[in-house]
Amino acid sequence: MDRQLVILNPRAGRCQAARRIAELLPLLEGDGVVAELLETTAAGDAQRAVALRAGEFARVVCIGGDGTLNEVISGMLDAGADVPIGYIAAGSTNDFAVSHGISRDILRAARDVASGVPTPIDVGSFNGRYFAYTASFGAFTRASYAAPQSAKNAVGHLAYIFEGIKDLAAIRPYAVTVEAERETYAGEFIFGMAGNSTSMGGVLKLDPRQVDLHDGKFEVILVRKPEHIGQLIAAAVALQSRQYENELLCFFKAAHLRISAPGDMNWTLDGEFQPGAERIEIQNLHNAVRLILPRG
């Protein structure tokens, strides 16, 4: 009989998955794949477990937030394994799940893992560190990793908004040069993102008609430094309304980016802290792993 490794982050979200694990495991075993449960206790546990043991299992199931999923995907790539990954989104925001049509109902998501279809998906590489769906810098980026877990558990993605408000008075422009395949963008920017998602932080939403999650390219957004508050407001309205024709916005697709930036310009990868570097290479790893997605 086949086995599956079920990795649970018991602290994710409001700990709802940990409280309902006795209901989840029988659903995951509904197709006859016996579950071995591993609860993480510290950062890096999921990545190490998958890197060491992925080849022993018919599938690996991640129960947690986007950060836990990042570790599972990273461990899979570290191992060079081609084992399907199931994702039960139990975090505070779950941008990745929203983008891929994975149910926010954890019991429904478990059934979908048991009956779903392994589907190749793109993954990002940031100077060799993997990310599942987004790499970003600048305004509000710090909120992703600075919001306390207790606040995320209590108020969900509002915790990111509250943390982001603290950054408003400290919005800092960075001198950045971004080389894409067809064009170079240079200047002072207050925000930048390379992503493979329709949602970031539960706040920034991209038009699903303009986002292809399986084309081997990132959607890239850069926001230039405003000269006055009116420009900033207009750019924010344009982003929220998904109308990217704005003097401060650069919106394009690219599979490969070379970036020159200040070394103290920190980033976030899938909501986790990433120290800055003066030279950064971001690559789209097309069809790098297989994610189990709902049928139909």
# chains A, B, ... in the order shown; residues from 1 in each chain; ligands from 1
$ residues_around --residues "A:Val6" --least-positions-apart "2" --cutoff "7 Å" --atoms "only C-alpha atoms" --output "ChimeraX atom specification"
/A:4,8,35-38,60-62
$ residues_around --residues "A:Arg59" --least-positions-apart "6" --cutoff "12 Å" --atoms "only C-alpha atoms" --output "PyMOL selection string"
chain A and resi 2-7+28-29+33-36+50+53+72+76+81-87+113-114+116-118+289-292
$ write_last_selection --atoms "N, CA and C atoms" --output "short mmCIF file (atom, residue, chain, number, x, y, z; two decimals), in the first residue's frame"
data_model
loop_
_atom_site.label_atom_id
_atom_site.label_comp_id
_atom_site.auth_asym_id
_atom_site.auth_seq_id
_atom_site.Cartn_x
_atom_site.Cartn_y
_atom_site.Cartn_z
N ASP A 2 0.50 2.24 -0.80
CA ASP A 2 1.28 3.47 -0.89
C ASP A 2 1.17 4.28 0.40
N ARG A 3 2.21 5.09 0.63
CA ARG A 3 2.24 5.95 1.81
C ARG A 3 2.36 7.41 1.37
N GLN A 4 1.85 8.29 2.22
CA GLN A 4 2.00 9.72 1.99
C GLN A 4 2.58 10.36 3.25
N LEU A 5 3.40 11.38 3.07
CA LEU A 5 3.92 12.14 4.19
C LEU A 5 3.05 13.38 4.34
N VAL A 6 2.42 13.53 5.50
CA VAL A 6 1.56 14.67 5.79
C VAL A 6 2.31 15.58 6.77
N ILE A 7 2.65 16.77 6.31
CA ILE A 7 3.41 17.72 7.13
C ILE A 7 2.45 18.79 7.63
N LEU A 28 -7.72 12.20 3.74
CA LEU A 28 -6.53 12.05 2.91
C LEU A 28 -6.25 10.58 2.60
N GLU A 29 -6.68 9.70 3.49
CA GLU A 29 -6.46 8.28 3.27
C GLU A 29 -7.61 7.64 2.50
N VAL A 33 -4.19 5.66 0.42
CA VAL A 33 -2.79 6.03 0.64
C VAL A 33 -2.62 6.33 2.12
N VAL A 34 -1.90 5.48 2.83
CA VAL A 34 -1.74 5.60 4.27
C VAL A 34 -0.90 6.82 4.62
N ALA A 35 -1.30 7.54 5.66
CA ALA A 35 -0.63 8.79 6.03
C ALA A 35 0.36 8.59 7.17
N GLU A 36 1.51 9.21 7.03
CA GLU A 36 2.47 9.35 8.12
C GLU A 36 2.53 10.83 8.47
N VAL A 50 11.36 16.84 3.79
CA VAL A 50 11.06 16.51 2.39
C VAL A 50 12.35 16.22 1.63
N ARG A 53 13.38 12.67 2.68
CA ARG A 53 12.51 11.50 2.63
C ARG A 53 11.48 11.50 1.50
N VAL A 72 8.15 22.99 1.74
CA VAL A 72 7.90 21.69 1.10
C VAL A 72 8.40 21.70 -0.34
N MET A 76 11.51 19.55 -1.94
CA MET A 76 11.32 18.69 -3.10
C MET A 76 12.38 18.98 -4.16
N ALA A 81 13.41 15.40 -6.42
CA ALA A 81 12.34 14.40 -6.48
C ALA A 81 11.16 14.92 -7.30
N ASP A 82 10.38 13.99 -7.83
CA ASP A 82 9.20 14.33 -8.62
C ASP A 82 7.98 13.67 -7.98
N VAL A 83 7.70 14.08 -6.75
CA VAL A 83 6.58 13.51 -5.99
C VAL A 83 5.47 14.56 -5.92
N PRO A 84 4.23 14.21 -6.24
CA PRO A 84 3.14 15.19 -6.19
C PRO A 84 2.98 15.80 -4.81
N ILE A 85 2.64 17.10 -4.80
CA ILE A 85 2.45 17.84 -3.55
C ILE A 85 0.98 18.21 -3.41
N GLY A 86 0.39 17.84 -2.28
CA GLY A 86 -0.95 18.30 -1.95
C GLY A 86 -0.86 19.46 -0.97
N TYR A 87 -1.76 20.42 -1.09
CA TYR A 87 -1.71 21.60 -0.23
C TYR A 87 -3.08 21.84 0.39
N VAL A 113 -7.34 16.82 -2.45
CA VAL A 113 -6.00 16.21 -2.53
C VAL A 113 -6.14 14.73 -2.85
N ALA A 114 -7.07 14.06 -2.18
CA ALA A 114 -7.24 12.62 -2.37
C ALA A 114 -7.74 12.28 -3.77
N GLY A 116 -7.59 14.62 -6.55
CA GLY A 116 -7.16 15.61 -7.52
C GLY A 116 -6.15 15.11 -8.54
N VAL A 117 -5.68 16.06 -9.34
CA VAL A 117 -4.80 15.75 -10.47
C VAL A 117 -3.44 16.42 -10.27
N PRO A 118 -2.34 15.67 -10.25
CA PRO A 118 -1.02 16.30 -10.19
C PRO A 118 -0.76 17.13 -11.44
N VAL A 289 7.65 21.63 -10.21
CA VAL A 289 7.08 20.62 -9.31
C VAL A 289 5.65 20.32 -9.74
N ARG A 290 5.09 19.24 -9.17
CA ARG A 290 3.70 18.89 -9.47
C ARG A 290 2.84 19.13 -8.24
N LEU A 291 1.81 19.95 -8.43
CA LEU A 291 0.87 20.27 -7.37
C LEU A 291 -0.46 19.57 -7.66
N ILE A 292 -1.04 18.95 -6.64
CA ILE A 292 -2.33 18.28 -6.83
C ILE A 292 -3.44 19.33 -6.78
#
$ atom_distance --atom1 "atom CA of A:Ala277" --atom2 "atom CA of A:Val176"
11.5 Å
$ closest_residue --among "A:Arg209, A:His100, A:Arg129, A:Lys253" --to "A:Ser74" --atoms "only C-alpha atoms"
A:Arg129
$ atom_distance --atom1 "atom CA of A:Ser115" --atom2 "atom CA of A:Asn284"
28.3 Å
$ closest_residue --among "A:Gly44, A:Pro262, A:Gly67, A:Gly124" --to "A:Glu219" --atoms "only C-alpha atoms"
A:Gly124
$ residues_around --residues "A:Ala12" --least-positions-apart "2" --cutoff "8 Å" --atoms "only C-alpha atoms" --output "JSON, numbers by chain"
{"A": [9, 10, 14, 15, 16, 17, 64, 65, 90, 91, 92, 153]}
$ closest_residue --among "A:Ala175, A:Leu77, A:Ala234, A:Leu107" --to "A:Gly128" --atoms "only C-alpha atoms"
A:Leu77
$ residues_around --residues "A:Asp78" --least-positions-apart "5" --cutoff "10 Å" --atoms "only C-alpha atoms" --output "list of chain:residue names"
A:Gln47, A:Arg48, A:Val50, A:Ala51, A:Leu52, A:Val72, A:Ile73, A:Tyr130
$ write_last_selection --atoms "C-alpha atoms" --output "short mmCIF file (atom, residue, chain, number, x, y, z; two decimals), in the first residue's frame"
data_model
loop_
_atom_site.label_atom_id
_atom_site.label_comp_id
_atom_site.auth_asym_id
_atom_site.auth_seq_id
_atom_site.Cartn_x
_atom_site.Cartn_y
_atom_site.Cartn_z
CA GLN A 47 12.17 21.49 4.07
CA ARG A 48 14.63 19.12 5.75
CA VAL A 50 11.06 16.51 2.39
CA ALA A 51 14.66 16.81 1.17
CA LEU A 52 15.60 13.66 3.10
CA VAL A 72 7.90 21.69 1.10
CA ILE A 73 8.53 22.87 -2.46
CA TYR A 130 13.23 28.98 -4.09
#
